[in-house]
Amino acid sequence: MSRRYLPWWRQGAAALVTVADAPGLPSRAELAVTATVNAGPAATVTARLYGPGEVGGIDARQVIRTEPPPGTPDFEPNYFPAVELDAPDLPWAFTPATANAAGQLRPWLVLVAVRRAAARLDLGRQPLPVLGIDDAGAELPDLAQSWAWTHVQVTGTGTPAAILTGDEPARTLARLLCPRKLDGDTAYVAALVPAFAQGVQAGLGQPVDPGPVLPAWDAGTTAVELPVYFSWEFATGPVGDFEELVARLRFQGLDADALAGLRVEVTGQPAGMPDAGTIRVPGALGNGGDTPPPVDPAVPARLRDLLEIPGTAPVHPDLPVALPAYARWHAGVRAASALGGTGWFAQLNLHPAARAVAALGTRIVQDRQEQLMAAAWAQAGEIERANRLLRQGQFAREASAGLHRRHLAPLPDATVLALAGPAHTRLLAGGGFTVAAWVAARRVPAGLFTVAARRIARPRGPFARRWPTGIAALIARANARDGGPGGPLVGRAPDRPPGMVSTDQIGERFDLPRVCTTGPEWWPKQPGPRREPHRGLAAVTRKVLAEHAKGFGPCSAPPPPDPLPVADLAKAVRTGLDPERAVTARIRARLTLPAGWSPPDALEPVLAAPEFPTPMYRAVAELAPDLLLPDANAVPGNSVCLVGTNPWFVQAVMAGLNHEIGRELLWRGFPTDQRGTCFRRFWDRAGAVPRLAGDRLDDIRPIPDWPLTQPLGAAGLPDGNGPAASQLVLLVRGELLRRYPRTTIYAAKAAWRSGAGGDPTLPDGAQEEHPLFGGSLPPDVTFFGFGISPADARGSDIDPGWYIVFQQQPTEARFGLDVGAPSAPTGTWGDLSWADVTLSGSGHALLGATDPITVDPAADARGLHFTTAATSAQIAAIVEQRPYRVAVHAAALLPEPPP
């Protein structure tokens with residue numbers, strides 16, 4: 001958003017004032033107004049505008065922003081306090097003059113910042129609160145230059161005048177600055193007070209002097225009381241702004257040998273454990289991807305004999321408990337022969353450095369076992385309810401299976417089909433149709449499969465005593481009929497009930513179509529006179545016969561239904577009612593089981609592992625900070641450097657964590673098989689940009705999925721989650737992030753300045769990589785991890801590498817001067833510091849006759865000046881503090897690579 005500054009703005013009658021600003025102005029501006037009434041002679045009168053002596057206060061809603069906000073405890077001492085007003089003409093509305101020839105116009109009110117210890121702020125005074133100062137010369141600015149520190153701001157496109165007179169007030173404001181060099185760690189009162197004596201008199205409720213306007217104070221003023229239009233309080237922090245704190249940072253690489261790991265003496269071991277001499281234990285952060293150097297082959301051979309794995313040699317008599325085989329159940333390893341390889345399981349358990357790191361994980365669990373078990377049982381409520389239902393399902397399945405095998409399965413097919421009648425609508429048969437659908441489309445009536453039919457045809461019932469048959473025989477007879485004459489279920493035609501009229505009897509009385517050999521020529525002739533037929537009956541009969549002909553075709557009978565496939569349907573019934581399938585499906589449909597849980601028995605109670613999503617680097621930092629970053633105290637103060645993560649360390653400590661929590665869960669009676677991966681997160685990725693979710697927050701995949709042939713450091717890398725090697729980590733130690741916690745830090749892809757192999761540069765619009773994880777290390781180191789490797793960040797002869805960028809968070813406009821002269825001058829007004837300007841006795845910046853620094857027109861072509869001949873718009877453009885950014889190539893921050 002573009003900002004432009006104007007030195008002042010007047011509108012309304014005030015814009016008609018023609019008297020130029022100078023000492024000795026009248027207290028109220030006068031305008032000659034000419035009026036004509038009813039075309040009479042013109043009359044000229046003098047109109048007197050309100051001046052500073054008529055102001056009794058301002059509406060607090062006119063203040064739209066203060067810098068710093070009220071109550072700020074650590075404002076940068078080199079910045080200017082400021083207040084922004086909604087009405088852009090308000091600071092000059094009651095000044096009885098217009099701008100002088102230089103474009104300068106004093107406002108009728110000013111912003112002051114007074115040390116709290118040197119001020120008395122009485123908020124209860126009437127008509128306005130009062131600010132009392134005993135030594136005005138030590139606290140207040142020179143009012144002769146008040147014009148320089150008040151300006152108008154307009155934003156956006158268009159001419160300033162059009163914007164100021166338009167209908168978009170949000171694009172304009174007036175701003176008053178207090179150009180005082182503040183002391184560090186000091187409390188201040190900031191206040192809007194009158195700039196003229198008449199304004200002071202009106203604000204204190206005193207008679208207003210009608211004479212020329214005078215300044216509210218001058219060089220000879222000692223004690224003074226000033227009415228306050230608006231005020232707030234704040235305090236400064238230590239000296240130094242963002243730019244200064246960044247300039248203090250030293251961008252350097254750490255000693256590669258110190259990052260290689262801690263030296264540990266493994267000698268004089270008890271109980272037959274082997275001596276390994278001096279070993280290196282790499283930390284979680286270091287040179288990147290470090291692994292400990294190999295040890296004497298006798299050491300792993302002796303350790304193998306002492307592990308708690310069946311099939312090993314007897315434990316040493318002086319060793320009361322066998323050494324733990326870390327991740328034994330996760331790896332599925334139950335024999336000592338499995339330790340003969342070179343994969344991660346053998347490295348984890350047979351190298352002293354790896355065992356030390358895994359033991360660190362077990363210690364963390366032991367120290368936090370009560371909290372961890374409380375969290376585990378809190379997650380076990382649903383598991384326990386699910387296991388109760390699964391055990392009930394197992395009981396129901398086994399009890400029903402015996403009945404099914406002994407009683408239902410041996411029955412004839414038709415009997416099985418009849419007994420399952422109530423379940424026909426829920427049992428699937430061939431073609432994806434239910435048994436009920438198959439019965440409805442075949443020749444056996446569905447009524448034979450009802451409970452009533454079975455009751456009538458029961459072996460000892462009245463029907464069976466008269467006709468010795470059963471429901472199976474009835475189904476078989478019904479399935480055998482074909483619908484033709486003489487069929488098994490076809491007898492003689494039934495007699496017509498008395499009184500029923502046939503079609504033949506009414507034949508020639510109606511004009512009916514011929515349907516199925518039935519028509520007027522076939523109807524017998526009746527003697528006697530013809531009677532008029534009943535028209536309504538004829539119409540109904542004609543319609544019925546026509547519909548009949550439409551459905552079956554003229555003179556044709558419908559085809560008989562197909563037989564019912566009793567054997568196939570009975571097989572489907574036996575399968576559908578088998579408790580192994582039916583009970584299992586019913587129970588599993590009522591549960592949502594953990595992903596991946598597929599035991600041989602589908603109703604096996606769940607052996608689930610709780611999940612602990614807490615990033616575990618903090619626990620390592622509390623228990624063994626030197627194992628997180630070896631020799632962290634060696635990181636110099638006010639420094640920035642780069643290191644790499646060590647997947648070897650992360651996987652070793654996570655294996656120890658998961659091994660020990662499995663043992664603890666089993667000991668406490670938690671339903672587990674010790675193969676769950678409860679801990680999967682080492683680094684804190686919650687603040688990643690862009691935001692991550694789900695398993696993308698994990699640093700390892702489930703340990704049972706680690707290939708046994710892959711080495712430690714590669715086996716546990718999550719699939720598709722970041723690089724396959726170590727990740728770049730930025731270490732920052734100093735005041736910068738404490739004072740500016742919202743600093744934007746990211747990596748930007750470099751480009752060649754002039755072809756491959758030249759000097760790298762940071763182009764506009766470069767690819768950016770924001771931190772994926774972060775945290776802090778004792779004593780005061782902050783770190784940020786990126787999704788690129790240290791080798792990629794360093795670059796090569798064909799790759800320009802990456803830059804690390806520190807960028808100040810963009811804010812509203814801020815104003816001030818640099819703390820000191822820059823180490824590398826740019827030849828612009830951005831180099832102006834407090835050391836370059838003249839200060840008054842109260843510490844306020846004073847403008848002189850010449851510019852305090854030399855500006856290169858080629859570097860800054862705005863033509864600005866910091867002199868008494870400038871305007872407040874020029875001063876605002878000079879002292880505006882733009883957001884600061886610094887970029888350093890990663891090669892300057894990484895440890896030197898090994899030769």
# chains A, B, ... in the order shown; residues from 1 in each chain; ligands from 1
$ residues_around --residues "range 805-810 of chain A" --least-positions-apart "6" --cutoff "8 Å" --atoms "only C-alpha atoms" --output "PyMOL selection string"
chain A and resi 242+742-748+883-888
$ write_last_selection --atoms "C-alpha atoms" --output "mmCIF file, in the first residue's frame"
data_model
loop_
_atom_site.group_PDB
_atom_site.id
_atom_site.type_symbol
_atom_site.label_atom_id
_atom_site.label_comp_id
_atom_site.auth_asym_id
_atom_site.auth_seq_id
_atom_site.Cartn_x
_atom_site.Cartn_y
_atom_site.Cartn_z
ATOM 1 C CA PHE A 242 15.110 -4.587 14.910
ATOM 2 C CA ARG A 742 7.096 -12.222 15.398
ATOM 3 C CA THR A 743 10.203 -11.969 13.225
ATOM 4 C CA THR A 744 9.637 -13.743 9.915
ATOM 5 C CA ILE A 745 12.400 -16.277 9.230
ATOM 6 C CA TYR A 746 12.475 -18.355 6.063
ATOM 7 C CA ALA A 747 14.802 -19.894 3.478
ATOM 8 C CA ALA A 748 14.878 -18.464 -0.045
ATOM 9 C CA PRO A 883 10.495 -2.975 7.523
ATOM 10 C CA TYR A 884 14.041 -4.319 7.606
ATOM 11 C CA ARG A 885 15.288 -7.510 5.975
ATOM 12 C CA VAL A 886 18.663 -9.249 5.925
ATOM 13 C CA ALA A 887 19.629 -12.357 3.943
ATOM 14 C CA VAL A 888 22.702 -14.564 4.545
#
$ select_by_dssp --residues "range 100-282 of chain A" --states "strand (DSSP E)" --output "number ranges by chain"
A: 109-115, 119-122, 130-133, 150-155, 172-177, 187-194, 224-227, 230-235, 250-251, 262-266, 277-281
$ residues_around --residues "range 813-819 of chain A" --least-positions-apart "3" --cutoff "8 Å" --atoms "only C-alpha atoms" --output "PyMOL selection string"
chain A and resi 67+78-80+179+239-241+243-244+831-835+876+879-882
$ residues_around --residues "Leu419 in chain A" --least-positions-apart "5" --cutoff "12 Å" --atoms "only C-alpha atoms" --output "PyMOL selection string"
chain A and resi 407-409+411-414+424+448-455+458+471-472+570+573-574+577
$ residues_around --residues "range 702-705 of chain A" --least-positions-apart "5" --cutoff "7 Å" --atoms "only C-alpha atoms" --output "list of chain:residue names"
A:His330, A:Ala331, A:Thr677, A:Gly716
$ residues_around --residues "His865 in chain A" --least-positions-apart "2" --cutoff "7 Å" --atoms "only C-alpha atoms" --output "MDAnalysis selection string"
chainID A and resid 851 863 867 870 874
$ atom_distance --atom1 "CA of Gly283 in chain A" --atom2 "CA of Pro630 in chain A"
5.9 Å
$ closest_residue --among "A:Gln252, A:Thr278, A:Thr186, A:Gln379" --to "Gly637 in chain A" --atoms "only C-alpha atoms"
A:Gln252
$ atom_distance --atom1 "CA of Ala13 in chain A" --atom2 "CA of Arg28 in chain A"
12.7 Å
$ atom_distance --atom1 "CA of Ile364 in chain A" --atom2 "CA of Arg618 in chain A"
10.5 Å
$ decode --residues "range 759-799 of chain A" --atoms "N, CA and C atoms" --output "PDB file, in the first residue's frame"
ATOM      1  N   ASP A 759      28.716 -15.825  -8.516  1.00  0.00           N
ATOM      2  CA  ASP A 759      28.283 -15.455  -7.182  1.00  0.00           C
ATOM      3  C   ASP A 759      26.772 -15.625  -7.077  1.00  0.00           C
ATOM      4  N   PRO A 760      26.290 -16.224  -5.971  1.00  0.00           N
ATOM      5  CA  PRO A 760      24.836 -16.341  -5.805  1.00  0.00           C
ATOM      6  C   PRO A 760      24.231 -15.012  -5.371  1.00  0.00           C
ATOM      7  N   THR A 761      22.975 -14.826  -5.689  1.00  0.00           N
ATOM      8  CA  THR A 761      22.244 -13.639  -5.287  1.00  0.00           C
ATOM      9  C   THR A 761      20.817 -14.044  -4.946  1.00  0.00           C
ATOM     10  N   LEU A 762      20.101 -13.155  -4.264  1.00  0.00           N
ATOM     11  CA  LEU A 762      18.715 -13.426  -3.891  1.00  0.00           C
ATOM     12  C   LEU A 762      17.800 -12.669  -4.834  1.00  0.00           C
ATOM     13  N   PRO A 763      17.147 -13.367  -5.765  1.00  0.00           N
ATOM     14  CA  PRO A 763      16.313 -12.662  -6.744  1.00  0.00           C
ATOM     15  C   PRO A 763      14.945 -12.323  -6.164  1.00  0.00           C
ATOM     16  N   ASP A 764      14.266 -11.373  -6.792  1.00  0.00           N
ATOM     17  CA  ASP A 764      12.886 -11.078  -6.420  1.00  0.00           C
ATOM     18  C   ASP A 764      12.001 -12.271  -6.769  1.00  0.00           C
ATOM     19  N   GLY A 765      11.043 -12.544  -5.889  1.00  0.00           N
ATOM     20  CA  GLY A 765      10.136 -13.654  -6.141  1.00  0.00           C
ATOM     21  C   GLY A 765      10.776 -15.014  -6.007  1.00  0.00           C
ATOM     22  N   ALA A 766      11.851 -15.123  -5.221  1.00  0.00           N
ATOM     23  CA  ALA A 766      12.539 -16.399  -5.069  1.00  0.00           C
ATOM     24  C   ALA A 766      11.641 -17.413  -4.369  1.00  0.00           C
ATOM     25  N   GLN A 767      11.872 -18.678  -4.655  1.00  0.00           N
ATOM     26  CA  GLN A 767      11.151 -19.755  -3.971  1.00  0.00           C
ATOM     27  C   GLN A 767      11.444 -19.698  -2.479  1.00  0.00           C
ATOM     28  N   GLU A 768      10.399 -19.840  -1.667  1.00  0.00           N
ATOM     29  CA  GLU A 768      10.549 -19.734  -0.220  1.00  0.00           C
ATOM     30  C   GLU A 768      10.215 -21.059   0.458  1.00  0.00           C
ATOM     31  N   GLU A 769      10.961 -21.374   1.505  1.00  0.00           N
ATOM     32  CA  GLU A 769      10.687 -22.519   2.367  1.00  0.00           C
ATOM     33  C   GLU A 769      10.583 -22.004   3.790  1.00  0.00           C
ATOM     34  N   HIS A 770       9.398 -22.173   4.399  1.00  0.00           N
ATOM     35  CA  HIS A 770       9.194 -21.705   5.763  1.00  0.00           C
ATOM     36  C   HIS A 770       9.426 -22.850   6.749  1.00  0.00           C
ATOM     37  N   PRO A 771       9.693 -22.540   8.015  1.00  0.00           N
ATOM     38  CA  PRO A 771      10.044 -23.594   8.982  1.00  0.00           C
ATOM     39  C   PRO A 771       8.954 -24.650   9.112  1.00  0.00           C
ATOM     40  N   LEU A 772       9.396 -25.912   9.219  1.00  0.00           N
ATOM     41  CA  LEU A 772       8.493 -27.036   9.452  1.00  0.00           C
ATOM     42  C   LEU A 772       8.396 -27.378  10.932  1.00  0.00           C
ATOM     43  N   PHE A 773       9.391 -27.028  11.709  1.00  0.00           N
ATOM     44  CA  PHE A 773       9.348 -27.270  13.156  1.00  0.00           C
ATOM     45  C   PHE A 773      10.246 -26.259  13.834  1.00  0.00           C
ATOM     46  N   GLY A 774      10.146 -26.182  15.123  1.00  0.00           N
ATOM     47  CA  GLY A 774      10.938 -25.219  15.869  1.00  0.00           C
ATOM     48  C   GLY A 774      10.833 -25.469  17.358  1.00  0.00           C
ATOM     49  N   GLY A 775      11.574 -24.677  18.112  1.00  0.00           N
ATOM     50  CA  GLY A 775      11.557 -24.810  19.562  1.00  0.00           C
ATOM     51  C   GLY A 775      12.697 -24.028  20.177  1.00  0.00           C
ATOM     52  N   SER A 776      12.991 -24.346  21.424  1.00  0.00           N
ATOM     53  CA  SER A 776      14.065 -23.653  22.132  1.00  0.00           C
ATOM     54  C   SER A 776      14.909 -24.665  22.892  1.00  0.00           C
ATOM     55  N   LEU A 777      16.162 -24.291  23.106  1.00  0.00           N
ATOM     56  CA  LEU A 777      17.120 -25.120  23.826  1.00  0.00           C
ATOM     57  C   LEU A 777      17.707 -24.305  24.961  1.00  0.00           C
ATOM     58  N   PRO A 778      17.989 -24.956  26.082  1.00  0.00           N
ATOM     59  CA  PRO A 778      18.671 -24.206  27.141  1.00  0.00           C
ATOM     60  C   PRO A 778      20.090 -23.869  26.716  1.00  0.00           C
ATOM     61  N   PRO A 779      20.646 -22.721  27.096  1.00  0.00           N
ATOM     62  CA  PRO A 779      19.998 -21.750  27.985  1.00  0.00           C
ATOM     63  C   PRO A 779      19.054 -20.782  27.269  1.00  0.00           C
ATOM     64  N   ASP A 780      19.389 -20.326  26.055  1.00  0.00           N
ATOM     65  CA  ASP A 780      18.553 -19.316  25.392  1.00  0.00           C
ATOM     66  C   ASP A 780      18.696 -19.408  23.871  1.00  0.00           C
ATOM     67  N   VAL A 781      18.721 -20.632  23.352  1.00  0.00           N
ATOM     68  CA  VAL A 781      18.881 -20.856  21.919  1.00  0.00           C
ATOM     69  C   VAL A 781      17.511 -21.195  21.322  1.00  0.00           C
ATOM     70  N   THR A 782      17.166 -20.514  20.257  1.00  0.00           N
ATOM     71  CA  THR A 782      15.942 -20.807  19.513  1.00  0.00           C
ATOM     72  C   THR A 782      16.318 -21.447  18.188  1.00  0.00           C
ATOM     73  N   PHE A 783      15.555 -22.478  17.788  1.00  0.00           N
ATOM     74  CA  PHE A 783      15.896 -23.150  16.533  1.00  0.00           C
ATOM     75  C   PHE A 783      14.674 -23.267  15.638  1.00  0.00           C
ATOM     76  N   PHE A 784      14.937 -23.340  14.318  1.00  0.00           N
ATOM     77  CA  PHE A 784      13.903 -23.472  13.287  1.00  0.00           C
ATOM     78  C   PHE A 784      14.371 -24.517  12.280  1.00  0.00           C
ATOM     79  N   GLY A 785      13.530 -25.489  11.992  1.00  0.00           N
ATOM     80  CA  GLY A 785      13.879 -26.552  11.057  1.00  0.00           C
ATOM     81  C   GLY A 785      13.188 -26.377   9.718  1.00  0.00           C
ATOM     82  N   PHE A 786      13.900 -26.650   8.642  1.00  0.00           N
ATOM     83  CA  PHE A 786      13.384 -26.482   7.281  1.00  0.00           C
ATOM     84  C   PHE A 786      13.387 -27.831   6.551  1.00  0.00           C
ATOM     85  N   GLY A 787      12.548 -27.917   5.554  1.00  0.00           N
ATOM     86  CA  GLY A 787      12.430 -29.150   4.785  1.00  0.00           C
ATOM     87  C   GLY A 787      13.452 -29.280   3.680  1.00  0.00           C
ATOM     88  N   ILE A 788      14.654 -28.812   3.897  1.00  0.00           N
ATOM     89  CA  ILE A 788      15.749 -28.966   2.931  1.00  0.00           C
ATOM     90  C   ILE A 788      16.965 -29.492   3.696  1.00  0.00           C
ATOM     91  N   SER A 789      17.845 -30.160   2.995  1.00  0.00           N
ATOM     92  CA  SER A 789      19.014 -30.746   3.646  1.00  0.00           C
ATOM     93  C   SER A 789      20.137 -29.721   3.741  1.00  0.00           C
ATOM     94  N   PRO A 790      21.068 -29.907   4.689  1.00  0.00           N
ATOM     95  CA  PRO A 790      22.215 -28.988   4.766  1.00  0.00           C
ATOM     96  C   PRO A 790      23.028 -28.949   3.474  1.00  0.00           C
ATOM     97  N   ALA A 791      23.163 -30.091   2.792  1.00  0.00           N
ATOM     98  CA  ALA A 791      23.939 -30.103   1.542  1.00  0.00           C
ATOM     99  C   ALA A 791      23.257 -29.261   0.467  1.00  0.00           C
ATOM    100  N   ASP A 792      21.929 -29.358   0.372  1.00  0.00           N
ATOM    101  CA  ASP A 792      21.220 -28.542  -0.612  1.00  0.00           C
ATOM    102  C   ASP A 792      21.305 -27.065  -0.258  1.00  0.00           C
ATOM    103  N   ALA A 793      21.249 -26.756   1.033  1.00  0.00           N
ATOM    104  CA  ALA A 793      21.330 -25.351   1.441  1.00  0.00           C
ATOM    105  C   ALA A 793      22.697 -24.756   1.127  1.00  0.00           C
ATOM    106  N   ARG A 794      23.756 -25.539   1.314  1.00  0.00           N
ATOM    107  CA  ARG A 794      25.099 -25.040   1.042  1.00  0.00           C
ATOM    108  C   ARG A 794      25.297 -24.769  -0.451  1.00  0.00           C
ATOM    109  N   GLY A 795      24.727 -25.610  -1.291  1.00  0.00           N
ATOM    110  CA  GLY A 795      24.895 -25.445  -2.723  1.00  0.00           C
ATOM    111  C   GLY A 795      26.173 -26.104  -3.217  1.00  0.00           C
ATOM    112  N   SER A 796      26.400 -25.995  -4.510  1.00  0.00           N
ATOM    113  CA  SER A 796      27.562 -26.608  -5.134  1.00  0.00           C
ATOM    114  C   SER A 796      27.942 -25.793  -6.367  1.00  0.00           C
ATOM    115  N   ASP A 797      28.818 -26.356  -7.171  1.00  0.00           N
ATOM    116  CA  ASP A 797      29.240 -25.654  -8.384  1.00  0.00           C
ATOM    117  C   ASP A 797      28.109 -25.497  -9.384  1.00  0.00           C
ATOM    118  N   ILE A 798      27.101 -26.355  -9.278  1.00  0.00           N
ATOM    119  CA  ILE A 798      25.977 -26.274 -10.219  1.00  0.00           C
ATOM    120  C   ILE A 798      24.679 -25.873  -9.534  1.00  0.00           C
ATOM    121  N   ASP A 799      24.706 -25.740  -8.210  1.00  0.00           N
ATOM    122  CA  ASP A 799      23.507 -25.364  -7.453  1.00  0.00           C
ATOM    123  C   ASP A 799      23.846 -24.140  -6.606  1.00  0.00           C
TER     124      ASP A 799
END
